[in-house]
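Engineer: Got upload29.txt for you, compact mmCIF, C-alpha atoms:
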```txt
# COMPACT_ATOMS: atom_id res chain seq x y z
CA MET E 19 137.93 80.87 68.48
CA ASP E 20 140.90 78.48 69.12
CA SER E 21 144.08 78.61 67.05
CA ALA E 22 143.06 75.63 64.90
CA SER E 23 139.72 77.23 64.01
CA ASN E 24 141.40 80.55 63.29
CA ALA E 25 143.90 78.82 61.01
CA THR E 26 141.06 77.07 59.17
CA ALA E 27 139.26 80.39 58.62
CA SER E 28 142.46 81.99 57.35
CA ARG E 29 143.06 79.12 54.93
CA ARG E 30 139.49 79.42 53.61
CA ILE E 31 139.90 83.14 52.92
CA ALA E 32 143.30 82.63 51.33
CA HIS E 33 141.88 79.91 49.09
CA LEU E 34 138.90 82.02 48.03
CA VAL E 35 140.82 85.16 47.15
CA GLY E 36 144.22 83.73 46.27
CA ALA E 37 143.09 81.39 43.52
CA LEU E 38 141.08 84.14 41.85
CA ALA E 39 143.92 86.63 42.09
CA VAL E 40 146.38 84.26 40.39
CA GLU E 41 143.91 83.56 37.62
CA GLU E 42 143.13 87.24 37.05
CA ARG E 43 146.71 88.49 37.03
CA SER E 44 147.49 86.00 34.24
CA SER E 45 144.59 87.20 32.12
CA THR E 46 144.74 89.82 29.40
CA MET E 47 143.23 93.17 30.39
CA ARG E 48 140.43 94.54 28.29
CA SER E 49 139.05 98.01 27.69
CA LEU E 50 135.56 97.02 26.55
CA PRO E 51 133.22 94.18 27.52
CA THR E 52 134.24 90.88 25.94
CA ALA E 53 131.84 88.61 24.11
CA GLY E 54 131.82 86.38 27.17
CA ALA E 55 130.58 89.27 29.29
CA ALA E 56 127.68 90.03 26.95
CA ARG E 57 124.23 88.99 28.07
CA ALA E 58 120.90 88.96 26.30
CA HIS E 59 118.38 91.25 27.95
CA SER E 60 115.14 89.88 29.35
CA ASP E 61 111.84 91.58 30.08
CA ASN E 62 112.20 90.28 33.64
CA ASP E 63 115.57 91.96 34.24
CA VAL E 64 115.83 94.34 37.16
CA VAL E 65 116.86 97.70 35.70
CA ILE E 66 118.05 100.95 37.22
CA VAL E 67 115.83 103.85 36.23
CA SER E 68 117.53 106.50 38.37
CA ALA E 69 120.43 106.75 40.82
CA LEU E 70 120.86 110.03 42.69
CA ARG E 71 122.52 111.31 45.83
CA THR E 72 122.92 114.41 47.92
CA PRO E 73 126.32 116.04 48.25
CA ILE E 74 128.31 114.45 51.06
CA GLY E 75 128.76 116.81 53.99
CA LYS E 76 131.37 116.82 56.72
CA ALA E 77 129.78 115.55 59.92
CA LYS E 78 129.61 117.96 62.87
CA ARG E 79 131.07 120.88 60.91
CA GLY E 80 129.72 120.84 57.37
CA GLY E 81 126.69 122.16 55.58
CA PHE E 82 124.42 119.35 56.82
CA LYS E 83 125.45 119.42 60.49
CA ASP E 84 122.08 120.91 61.46
CA THR E 85 120.02 119.09 58.84
CA HIS E 86 117.64 116.36 59.96
CA PRO E 87 118.18 113.05 58.14
CA THR E 88 114.55 113.07 57.01
CA ASP E 89 115.31 116.20 54.99
CA LEU E 90 118.31 114.56 53.34
CA LEU E 91 116.33 111.45 52.43
CA ALA E 92 113.29 113.43 51.29
CA ALA E 93 115.50 115.49 48.97
CA VAL E 94 116.74 112.49 46.98
CA LEU E 95 113.36 110.75 46.98
CA GLN E 96 111.65 113.88 45.66
CA ALA E 97 114.35 114.40 43.03
CA THR E 98 113.98 110.79 41.94
CA VAL E 99 110.29 111.29 41.22
CA GLU E 100 110.76 114.68 39.58
CA ARG E 101 113.66 113.75 37.32
CA THR E 102 112.19 110.46 36.09
CA LYS E 103 108.64 111.90 35.90
CA ILE E 104 107.30 108.63 37.30
CA ASP E 105 103.84 108.70 38.80
CA PRO E 106 104.67 108.25 42.52
CA LYS E 107 101.53 106.13 42.90
CA LEU E 108 103.30 103.44 40.87
CA ILE E 109 106.07 103.02 43.44
CA GLN E 110 105.16 99.90 45.39
CA ASP E 111 107.92 99.54 47.99
CA ILE E 112 110.84 101.49 49.43
CA CYS E 113 113.71 100.04 51.44
CA VAL E 114 116.04 102.45 53.23
CA GLY E 115 119.44 101.56 54.63
CA THR E 116 120.45 103.40 57.78
CA VAL E 117 122.80 102.54 60.63
CA LEU E 118 122.69 105.06 63.46
CA ALA E 119 119.08 106.29 63.44
CA PRO E 120 117.05 105.56 66.59
CA GLY E 121 114.49 102.79 66.32
CA GLY E 122 116.11 101.51 63.15
CA GLY E 123 115.09 104.69 61.34
CA ALA E 124 111.76 103.21 60.25
CA THR E 125 109.56 106.09 61.38
CA GLN E 126 111.96 108.75 60.13
CA ALA E 127 112.18 107.09 56.70
CA ARG E 128 108.41 106.80 56.39
CA MET E 129 108.05 110.49 57.21
CA ALA E 130 110.70 111.35 54.61
CA GLN E 131 108.69 109.39 52.05
CA PHE E 132 105.66 111.58 52.72
CA LEU E 133 107.73 114.77 52.72
CA ALA E 134 108.93 113.76 49.26
CA GLY E 135 105.36 113.44 47.99
CA ILE E 136 105.29 109.65 47.70
CA PRO E 137 101.85 108.45 48.85
CA GLU E 138 101.05 106.02 51.64
CA THR E 139 100.24 103.33 49.08
CA ALA E 140 103.98 102.73 48.75
CA ALA E 141 105.18 100.50 51.57
CA LEU E 142 108.48 101.13 53.35
CA SER E 143 111.02 99.28 55.46
CA THR E 144 114.49 100.00 56.75
CA VAL E 145 117.53 97.74 56.91
CA ASN E 146 120.78 97.86 58.85
CA ARG E 147 123.69 95.82 57.53
CA GLN E 148 126.03 98.54 58.70
CA CYS E 149 128.21 100.00 55.92
CA SER E 150 126.42 97.97 53.22
CA SER E 151 122.95 99.00 54.37
CA SER E 152 121.81 100.85 51.25
CA LEU E 153 123.37 98.27 48.91
CA GLN E 154 121.37 95.72 50.88
CA ALA E 155 118.30 97.93 50.46
CA VAL E 156 118.82 97.95 46.69
CA ALA E 157 119.34 94.18 46.72
CA ASN E 158 116.13 93.70 48.73
CA ILE E 159 114.12 95.71 46.19
CA ALA E 160 115.80 93.86 43.29
CA ALA E 161 114.97 90.53 44.91
CA ALA E 162 111.33 91.56 45.36
CA ILE E 163 111.14 92.43 41.67
CA GLN E 164 112.82 89.18 40.66
CA ALA E 165 110.40 87.23 42.85
CA GLY E 166 107.36 88.88 41.27
CA ILE E 167 106.33 90.61 44.49
CA ILE E 168 106.60 94.13 43.03
CA ASP E 169 107.42 95.77 39.70
CA ILE E 170 108.79 99.13 40.86
CA GLY E 171 110.63 100.09 44.04
CA ILE E 172 113.32 102.30 45.55
CA GLY E 173 116.45 101.19 47.39
CA ALA E 174 117.83 104.12 49.36
CA GLY E 175 120.09 105.07 52.24
CA VAL E 176 120.61 107.94 54.64
CA GLU E 177 122.94 108.82 57.48
CA SER E 178 123.44 111.85 59.68
CA MET E 179 126.67 111.22 61.56
CA SER E 180 126.29 114.77 62.86
CA GLN E 181 123.06 114.02 64.68
CA ASN E 182 123.47 110.35 65.61
CA ASP E 183 126.39 109.06 67.63
CA MET E 184 128.28 105.90 66.62
CA THR E 185 129.22 104.84 70.13
CA SER E 186 125.66 104.79 71.43
CA SER E 187 124.35 102.72 68.51
CA VAL E 188 125.71 99.45 69.93
CA GLY E 189 123.47 99.57 72.99
CA ASP E 190 123.88 97.47 76.10
CA VAL E 191 126.33 94.57 75.85
CA ASN E 192 125.55 91.18 77.37
CA PRO E 193 128.31 90.32 79.91
CA LYS E 194 128.45 86.79 78.44
CA VAL E 195 129.99 88.31 75.31
CA PHE E 196 133.25 88.93 77.15
CA GLU E 197 133.60 85.20 77.84
CA HIS E 198 133.33 84.30 74.13
CA GLU E 199 136.26 85.29 71.93
CA LYS E 200 134.41 85.53 68.62
CA ALA E 201 131.43 87.39 70.08
CA ARG E 202 133.81 89.71 71.93
CA SER E 203 135.65 90.46 68.69
CA CYS E 204 132.49 92.18 67.41
CA LEU E 205 133.33 95.00 69.83
CA ILE E 206 136.73 95.70 68.30
CA GLY E 207 136.86 99.29 67.04
CA MET E 208 136.94 99.78 63.31
CA GLY E 209 140.26 101.59 63.49
CA GLU E 210 141.78 98.66 65.34
CA THR E 211 140.55 96.25 62.65
CA SER E 212 142.36 98.44 60.12
CA GLU E 213 145.55 98.07 62.09
CA ASN E 214 144.98 94.31 62.23
CA VAL E 215 144.67 94.11 58.44
CA ALA E 216 147.78 96.23 57.91
CA GLU E 217 149.83 94.14 60.33
CA LYS E 218 148.56 90.71 59.23
CA TYR E 219 148.83 91.31 55.49
CA GLY E 220 151.85 93.60 55.39
CA ILE E 221 150.18 96.82 54.20
CA THR E 222 152.65 99.61 54.95
CA ARG E 223 151.97 103.18 56.03
CA GLN E 224 153.47 104.37 52.74
CA GLN E 225 151.04 102.22 50.74
CA GLN E 226 148.11 103.52 52.75
CA ASP E 227 149.11 107.16 52.37
CA ALA E 228 149.68 106.63 48.64
CA MET E 229 146.14 105.29 48.21
CA ALA E 230 144.74 108.18 50.25
CA ALA E 231 146.62 110.79 48.24
CA GLU E 232 145.40 109.24 45.00
CA SER E 233 141.81 109.17 46.28
CA TYR E 234 142.00 112.90 47.06
CA ALA E 235 143.64 113.72 43.73
CA ARG E 236 141.01 111.84 41.74
CA ALA E 237 138.12 113.35 43.71
CA VAL E 238 139.46 116.88 43.33
CA ARG E 239 139.85 116.33 39.60
CA ALA E 240 136.34 114.86 39.34
CA VAL E 241 134.82 117.87 41.11
CA LYS E 242 136.77 120.29 38.93
CA GLU E 243 135.62 118.51 35.75
CA GLY E 244 131.99 118.27 36.88
CA ARG E 245 131.91 114.48 36.87
CA PHE E 246 129.52 114.30 39.83
CA ALA E 247 127.07 116.87 38.51
CA SER E 248 124.53 114.44 37.06
CA GLU E 249 124.32 112.30 40.20
CA ILE E 250 124.12 115.08 42.82
CA VAL E 251 120.89 116.65 44.05
CA PRO E 252 121.58 120.11 45.52
CA VAL E 253 120.04 120.53 48.96
CA THR E 254 118.87 123.85 50.42
CA THR E 255 119.04 123.78 54.19
CA VAL E 256 119.69 125.84 57.30
CA VAL E 257 123.01 125.93 59.13
CA LYS E 258 123.66 127.47 62.55
CA ASP E 259 126.79 129.31 63.65
CA ALA E 260 128.41 129.06 67.09
CA ASP E 261 125.94 131.62 68.47
CA GLY E 262 122.90 129.79 67.14
CA ASN E 263 122.25 132.23 64.30
CA GLU E 264 120.63 130.55 61.32
CA LYS E 265 121.62 130.94 57.70
CA THR E 266 120.01 129.39 54.63
CA ILE E 267 122.50 127.74 52.27
CA THR E 268 122.39 125.43 49.26
CA VAL E 269 124.91 122.59 49.33
CA THR E 270 125.84 121.63 45.77
CA ASN E 271 129.18 119.79 46.05
CA ASP E 272 130.87 117.21 48.24
CA GLU E 273 132.74 118.86 51.09
CA GLY E 274 135.50 116.28 51.55
CA PRO E 275 137.72 116.56 48.46
CA ARG E 276 140.72 118.86 48.85
CA PRO E 277 144.24 118.90 47.44
CA THR E 278 146.25 116.56 49.68
CA LEU E 279 149.88 115.58 49.13
CA PRO E 280 151.52 112.38 50.42
CA GLU E 281 154.00 114.55 52.33
CA ALA E 282 151.15 116.09 54.33
CA LEU E 283 149.60 112.69 55.02
CA ALA E 284 152.94 111.33 56.21
CA LYS E 285 153.03 113.94 59.01
CA LEU E 286 149.78 112.72 60.61
CA LYS E 287 149.97 110.67 63.79
CA PRO E 288 148.39 107.21 64.08
CA ALA E 289 144.79 107.59 65.22
CA PHE E 290 144.00 104.21 66.76
CA LYS E 291 147.19 102.56 67.95
CA GLN E 292 150.55 103.80 69.19
CA GLY E 293 153.06 103.05 66.46
CA GLY E 294 150.25 102.12 64.08
CA SER E 295 149.75 103.10 60.46
CA THR E 296 146.07 104.12 60.27
CA THR E 297 145.54 107.88 60.48
CA ALA E 298 142.73 110.36 60.01
CA GLY E 299 144.18 111.04 56.58
CA ASN E 300 144.09 107.47 55.26
CA SER E 301 140.69 106.60 56.73
CA SER E 302 137.21 107.40 55.43
CA GLN E 303 135.65 110.66 56.52
CA VAL E 304 132.73 110.89 58.97
CA SER E 305 129.87 112.25 56.88
CA ASP E 306 126.23 113.14 56.30
CA GLY E 307 124.27 112.29 53.16
CA ALA E 308 121.57 110.30 51.38
CA ALA E 309 121.11 108.43 48.11
CA ALA E 310 118.30 106.65 46.25
CA VAL E 311 118.08 104.13 43.41
CA LEU E 312 114.83 103.60 41.50
CA LEU E 313 114.52 100.05 40.17
CA ALA E 314 111.91 98.39 37.98
CA ARG E 315 111.17 95.29 35.97
CA ARG E 316 112.47 95.91 32.45
CA SER E 317 109.12 95.24 30.78
CA VAL E 318 107.39 97.70 33.09
CA ALA E 319 110.04 100.37 32.65
CA LYS E 320 109.75 100.08 28.87
CA LYS E 321 105.96 100.18 28.97
CA LEU E 322 106.03 103.36 31.08
CA GLY E 323 108.73 104.98 28.95
CA LEU E 324 111.09 105.27 31.91
CA PRO E 325 114.82 105.75 31.27
CA ILE E 326 117.01 102.68 31.72
CA LEU E 327 120.49 103.48 33.01
CA GLY E 328 121.63 99.95 33.67
CA SER E 329 120.75 96.54 35.02
CA PHE E 330 121.32 94.67 38.26
CA ARG E 331 123.37 91.57 37.51
CA SER E 332 124.18 89.95 40.86
CA PHE E 333 124.67 90.44 44.60
CA ALA E 334 126.66 88.60 47.26
CA VAL E 335 127.22 89.00 50.96
CA VAL E 336 129.77 86.95 52.92
CA GLY E 337 131.17 86.60 56.42
CA VAL E 338 134.81 87.02 57.48
CA PRO E 339 136.58 87.22 60.87
CA PRO E 340 135.38 90.35 62.74
CA GLU E 341 138.91 91.32 63.74
CA VAL E 342 139.88 91.77 60.07
CA MET E 343 136.49 92.84 58.78
CA GLY E 344 138.11 95.05 56.13
CA ILE E 345 138.98 92.07 53.93
CA GLY E 346 135.27 91.47 53.27
CA PRO E 347 135.28 92.80 49.68
CA ALA E 348 138.12 90.42 48.75
CA VAL E 349 135.75 87.53 49.45
CA ALA E 350 132.43 89.13 48.41
CA ILE E 351 133.56 90.38 44.99
CA PRO E 352 134.53 86.91 43.69
CA GLU E 353 131.19 85.55 44.88
CA ALA E 354 129.23 88.29 43.10
CA LEU E 355 131.29 87.85 39.93
CA LYS E 356 130.77 84.10 40.00
CA LYS E 357 127.01 84.56 40.19
CA ALA E 358 127.14 86.87 37.17
CA GLY E 359 129.41 84.52 35.20
CA LEU E 360 132.17 87.13 35.16
CA ALA E 361 135.76 87.62 36.29
CA VAL E 362 137.79 90.58 37.53
CA LYS E 363 139.17 91.13 34.03
CA ASP E 364 135.63 91.70 32.71
CA ILE E 365 134.91 94.66 34.99
CA ASP E 366 135.50 98.22 33.80
CA VAL E 367 135.04 100.05 37.12
CA PHE E 368 135.23 98.93 40.74
CA GLU E 369 133.63 101.24 43.30
CA LEU E 370 135.25 99.79 46.42
CA ASN E 371 134.50 101.64 49.62
CA GLU E 372 137.66 103.03 51.18
CA ALA E 373 136.72 102.49 54.79
CA PHE E 374 140.46 102.45 55.43
CA ALA E 375 143.34 102.56 52.98
CA SER E 376 144.75 99.43 54.64
CA GLN E 377 141.82 97.22 53.72
CA ALA E 378 141.18 98.82 50.33
CA THR E 379 144.85 98.32 49.41
CA TYR E 380 144.69 94.70 50.54
CA CYS E 381 141.55 93.99 48.52
CA GLN E 382 142.97 95.63 45.40
CA LYS E 383 146.20 93.70 45.76
CA VAL E 384 144.74 90.25 46.37
CA LEU E 385 142.13 90.56 43.61
CA GLY E 386 144.54 92.09 41.10
CA ILE E 387 142.37 95.13 40.34
CA PRO E 388 144.17 97.57 38.03
CA SER E 389 144.58 100.97 39.68
CA GLU E 390 142.92 102.85 36.84
CA ARG E 391 139.74 100.81 37.30
CA LEU E 392 139.51 101.29 41.05
CA ASN E 393 137.53 104.33 42.27
CA PRO E 394 138.42 106.47 39.23
CA ASN E 395 136.72 109.51 40.79
CA GLY E 396 138.06 108.94 44.29
CA GLY E 397 136.57 107.02 47.18
CA ALA E 398 135.40 107.41 50.75
CA ILE E 399 138.75 108.69 52.00
CA ALA E 400 138.24 111.83 49.93
CA LEU E 401 134.48 111.90 49.43
CA GLY E 402 133.28 110.70 52.83
CA HIS E 403 131.36 107.70 54.14
CA PRO E 404 127.81 108.38 55.39
CA LEU E 405 127.37 104.82 56.62
CA GLY E 406 123.82 103.97 55.58
CA ALA E 407 123.98 105.90 52.31
CA THR E 408 127.30 104.71 50.89
CA GLY E 409 126.02 101.64 49.01
CA ALA E 410 123.44 103.61 47.01
CA ARG E 411 125.91 106.49 46.61
CA GLN E 412 128.36 104.12 44.95
CA ILE E 413 125.69 103.01 42.47
CA ALA E 414 124.91 106.62 41.58
CA THR E 415 128.60 107.28 40.99
CA LEU E 416 129.01 104.06 39.00
CA MET E 417 126.10 104.87 36.69
CA ALA E 418 127.52 108.35 36.06
CA GLU E 419 131.10 107.26 35.34
CA THR E 420 130.48 104.20 33.14
CA LYS E 421 129.46 104.05 29.49
CA LYS E 422 126.95 101.89 27.62
CA GLY E 423 127.97 98.25 27.66
CA GLN E 424 130.45 98.60 30.49
CA LEU E 425 130.32 96.53 33.66
CA GLY E 426 130.83 97.77 37.19
CA VAL E 427 131.12 96.41 40.72
CA THR E 428 130.28 98.11 44.00
CA SER E 429 131.59 96.64 47.23
CA MET E 430 132.37 97.40 50.85
CA CYS E 431 133.53 95.83 54.09
CA ILE E 432 131.07 95.57 56.97
CA GLY E 433 131.64 95.95 60.71
CA THR E 434 131.54 92.73 62.79
CA GLY E 435 133.06 90.84 59.86
CA MET E 436 131.27 90.79 56.52
CA GLY E 437 131.61 91.97 52.95
CA ALA E 438 129.07 92.78 50.24
CA ALA E 439 129.33 93.27 46.49
CA ALA E 440 127.06 93.75 43.50
CA VAL E 441 127.55 93.69 39.73
CA PHE E 442 125.85 96.15 37.36
CA GLU E 443 125.73 96.61 33.62
CA ARG E 444 125.52 100.08 32.12
CA GLU E 445 122.98 100.43 29.30
```
I'd like the structure from this file rewritten - as structure tokens, please.
Structural biologist:
Amino acid sequence: MDSASNATASRRIAHLVGALAVEERSSTMRSLPTAGAARAHSDNDVVIVSALRTPIGKAKRGGFKDTHPTDLLAAVLQATVERTKIDPKLIQDICVGTVLAPGGGATQARMAQFLAGIPETAALSTVNRQCSSSLQAVANIAAAIQAGIIDIGIGAGVESMSQNDMTSSVGDVNPKVFEHEKARSCLIGMGETSENVAEKYGITRQQQDAMAAESYARAVRAVKEGRFASEIVPVTTVVKDADGNEKTITVTNDEGPRPTLPEALAKLKPAFKQGGSTTAGNSSQVSDGAAAVLLARRSVAKKLGLPILGSFRSFAVVGVPPEVMGIGPAVAIPEALKKAGLAVKDIDVFELNEAFASQATYCQKVLGIPSERLNPNGGAIALGHPLGATGARQIATLMAETKKGQLGVTSMCIGTGMGAAAVFERE
């Protein structure tokens, strides 16, 4: 891209996020949904019947390091059926987000479906929109319900970053790519894009470490107070020691949260660039996990007596420059809010994926999101980021931490330059 084109793209992003930020910072904050945020329910609404996840394990060294991703996915699918008491024969379609699995994960996901006891009459597909994959899976199922194609479906996600390598997932690269600046920028490492965001938008190391420390503190408190208990499905699995000896364990809690002080974070060296500000401590953790969201048409859910946790209000996905891919949520969130007829001030909780503290800080700053409404139980820096599962994991967390009538947003940046966001109402 030439300098003129790059300047045009920068102006577009600044216009999209800047105007909204000015408007929102001048608005009065609210603690409960305003009358303008209220919406009459319809029998054709897409509702959330269940949102569950496994604990998030530390990749390569945690409780799931020897667990096949099909076992992780099967665990949440089976729990979804058991806890809602839905007849599995009524599930018409399943879409699974996954990023690193060979062959797009389609065969593995179908096998997990059968291991979970869901019959072959339910169709299945997989989707890879990188870090937003399982949010995209949920959106795909919601769209199918809205279009009248199905009445009941599951949007899910799974990732084993222990068993599948990130570097090999790109595959062979066409030599022509290196002659095209924008195509070549898709190969920029995620850590380098974090450094680009920090440098371009003036996000300091101190700001990044402060966000990371707060993420850890909130996650540790949430674990201690049992805030994740209703969303987590314990998983019994086998783990091997250094000598190959097997031991059966049950993983019940996230492995990432631990007391972490800013002083400790400040001692860490930059991980991606000499003299940089992105470290292992202010970046998301490499993780294993799975999550699943059962969705249905409201009229069908009511007829079957299924629980209704919330409703799907809107979804948006946008493109941004690959070299600063972390700013994606700052553009996607306004688009999703616009579709729902809402503004930042109307939202009670934002679950914004902390891929890196640099980009999460930028997005919070430019959108004017109050700190107390952003990741109240911690984010991916403390909890972990199993790529394909994060979107559905965020929905499970959002449903557990919000109250009836409240509104929530889930959002994340996406490698190669995108952002996604969705709006939900708790019922």
Engineer: For a test of reading the model, state the distance in Å between atom CA of E:Glu264 and atom CA of E:Lys78, rounded to one decimal.
Structural biologist: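 Calculated distance between atom CA of E:Glu264 and atom CA of E:Lys78 is 15.5 Å.
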Engineer: Do you know which residues lie at most 12 Å from (125.4, 94.3, 55.6), with coordinates as in the file and all atoms listed in the file counted, and could you write them as a PyMOL selection string?
Structural biologist: chain E and resi 115-117+145-158+333-337+343+346-347+350+405-406+408-409+429-439
Engineer: Determine the nearest neighbour of E:Val238 from the options E:Thr211, E:Thr268, E:Asn395, E:Gln377, counting all atoms listed in the file.
Structural biologist: E:Asn395
Engineer: I'd like to know which of E:Ile221, E:Ile172, E:Leu322, E:Ala119 is closest to E:Ser376, using all atoms listed in the file.
Structural biologist: E:Ile221
Engineer: Record the distance separating atom CA of E:Ala400 and atom CA of E:Ala230, expressed in Å with one decimal.
Structural biologist: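 Between these atoms lies a distance of 7.5 Å.
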Engineer: What's the 10 Å shell around E:Arg316, counting only C-alpha atoms, without same-chain residues fewer than 5 positions away, as an MDAnalysis selection string?
Structural biologist: chainID E and resid 59:67 163 169:170 321:322 324 326 329
Engineer: Between atom CA of E:Ala235 and atom CA of E:Ile345, what is the spacing in Å?
Structural biologist: 24.4 Å
Engineer: Looking at E:Leu95, E:Leu401, E:Met208, E:Met184, which one is nearest to E:Ala289, with distances taken over only C-alpha atoms?
Structural biologist: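 Of E:Leu95, E:Leu401, E:Met208, E:Met184, the one nearest E:Ala289 is E:Met208, counting only C-alpha atoms.
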Engineer: Could you list, as number ranges by chain, every residue within 12 Å of E:Ser248, counting only C-alpha atoms and ignoring same-chain residues fewer than 2 positions away?
Structural biologist: E: 68-73, 97, 101, 241, 243-246, 250-252, 270-271, 414-419
Engineer: Please determine, counting only C-alpha atoms, which residue among E:Phe132, E:Gln303, E:Ala375, E:Gln96 has the shortest atom-to-atom distance to E:Gln224.
Structural biologist: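 Closest candidate: E:Ala375.
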Engineer: Restricting the calculation to all atoms listed in the file: of E:Val269, E:Leu360, E:Ala298, E:Val99, which residue gets closest to E:Thr254?
Structural biologist: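 With all atoms listed in the file as the atom set, the closest residue is E:Val269.
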Engineer: Using all atoms listed in the file, find the one residue out of E:Lys356, E:His403, E:Arg331, E:Lys242 that sits nearest to E:Leu425.
Structural biologist: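 The closest residue to E:Leu425 is E:Arg331.
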Engineer: List every protein, DNA or RNA residue that has an atom no more than 8 Å from (148.1, 114.5, 52.6) in the file's coordinate frame, counting all atoms listed in the file, and report them as a list in words.
Structural biologist: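 Using all atoms listed in the file, the matching residues come out as Asp227, Ala230, Ala231, Pro277, Thr278, Leu279, Pro280, Glu281, Ala282, Leu283, Ala284 and Gly299 of chain E.
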Engineer: Please return the centre and edge lengths, in Å to one decimal, of a box with edges along x, y and z that contains all listed atoms of stretch 271-281 of chain E, widened by 8 Å on every side, as JSON.
Structural biologist:
```
{"center_x": 141.6, "center_y": 116.1, "center_z": 49.2, "size_x": 40.8, "size_y": 23.4, "size_z": 22.3}
```
Engineer: Rebuild stretch 340-353 of chain E to N, CA and C atoms - output it as a PDB file, keeping the file's coordinate frame, please.
Structural biologist:
```
ATOM      1  N   PRO E 340     135.641  88.962  62.331  1.00  0.00           N
ATOM      2  CA  PRO E 340     135.380  90.350  62.740  1.00  0.00           C
ATOM      3  C   PRO E 340     136.640  91.180  62.949  1.00  0.00           C
ATOM      4  N   GLU E 341     137.699  90.561  63.426  1.00  0.00           N
ATOM      5  CA  GLU E 341     138.910  91.320  63.740  1.00  0.00           C
ATOM      6  C   GLU E 341     139.644  91.827  62.495  1.00  0.00           C
ATOM      7  N   VAL E 342     139.319  91.275  61.337  1.00  0.00           N
ATOM      8  CA  VAL E 342     139.880  91.770  60.070  1.00  0.00           C
ATOM      9  C   VAL E 342     138.730  92.003  59.088  1.00  0.00           C
ATOM     10  N   MET E 343     137.706  92.667  59.573  1.00  0.00           N
ATOM     11  CA  MET E 343     136.490  92.840  58.780  1.00  0.00           C
ATOM     12  C   MET E 343     136.747  93.526  57.438  1.00  0.00           C
ATOM     13  N   GLY E 344     137.834  94.301  57.344  1.00  0.00           N
ATOM     14  CA  GLY E 344     138.110  95.050  56.130  1.00  0.00           C
ATOM     15  C   GLY E 344     138.398  94.214  54.911  1.00  0.00           C
ATOM     16  N   ILE E 345     138.694  92.928  55.081  1.00  0.00           N
ATOM     17  CA  ILE E 345     138.980  92.070  53.930  1.00  0.00           C
ATOM     18  C   ILE E 345     137.712  91.581  53.255  1.00  0.00           C
ATOM     19  N   GLY E 346     136.541  91.955  53.792  1.00  0.00           N
ATOM     20  CA  GLY E 346     135.270  91.470  53.270  1.00  0.00           C
ATOM     21  C   GLY E 346     135.111  91.561  51.760  1.00  0.00           C
ATOM     22  N   PRO E 347     135.444  92.705  51.128  1.00  0.00           N
ATOM     23  CA  PRO E 347     135.280  92.800  49.680  1.00  0.00           C
ATOM     24  C   PRO E 347     136.112  91.783  48.895  1.00  0.00           C
ATOM     25  N   ALA E 348     137.265  91.376  49.444  1.00  0.00           N
ATOM     26  CA  ALA E 348     138.120  90.420  48.750  1.00  0.00           C
ATOM     27  C   ALA E 348     137.460  89.049  48.651  1.00  0.00           C
ATOM     28  N   VAL E 349     136.499  88.786  49.507  1.00  0.00           N
ATOM     29  CA  VAL E 349     135.750  87.530  49.450  1.00  0.00           C
ATOM     30  C   VAL E 349     134.406  87.726  48.756  1.00  0.00           C
ATOM     31  N   ALA E 350     133.760  88.874  48.988  1.00  0.00           N
ATOM     32  CA  ALA E 350     132.430  89.130  48.410  1.00  0.00           C
ATOM     33  C   ALA E 350     132.479  89.352  46.903  1.00  0.00           C
ATOM     34  N   ILE E 351     133.487  90.075  46.423  1.00  0.00           N
ATOM     35  CA  ILE E 351     133.560  90.380  44.990  1.00  0.00           C
ATOM     36  C   ILE E 351     133.650  89.113  44.146  1.00  0.00           C
ATOM     37  N   PRO E 352     134.525  88.138  44.483  1.00  0.00           N
ATOM     38  CA  PRO E 352     134.530  86.910  43.690  1.00  0.00           C
ATOM     39  C   PRO E 352     133.194  86.179  43.693  1.00  0.00           C
ATOM     40  N   GLU E 353     132.490  86.220  44.815  1.00  0.00           N
ATOM     41  CA  GLU E 353     131.190  85.550  44.880  1.00  0.00           C
ATOM     42  C   GLU E 353     130.178  86.228  43.958  1.00  0.00           C
TER      43      GLU E 353
END
```
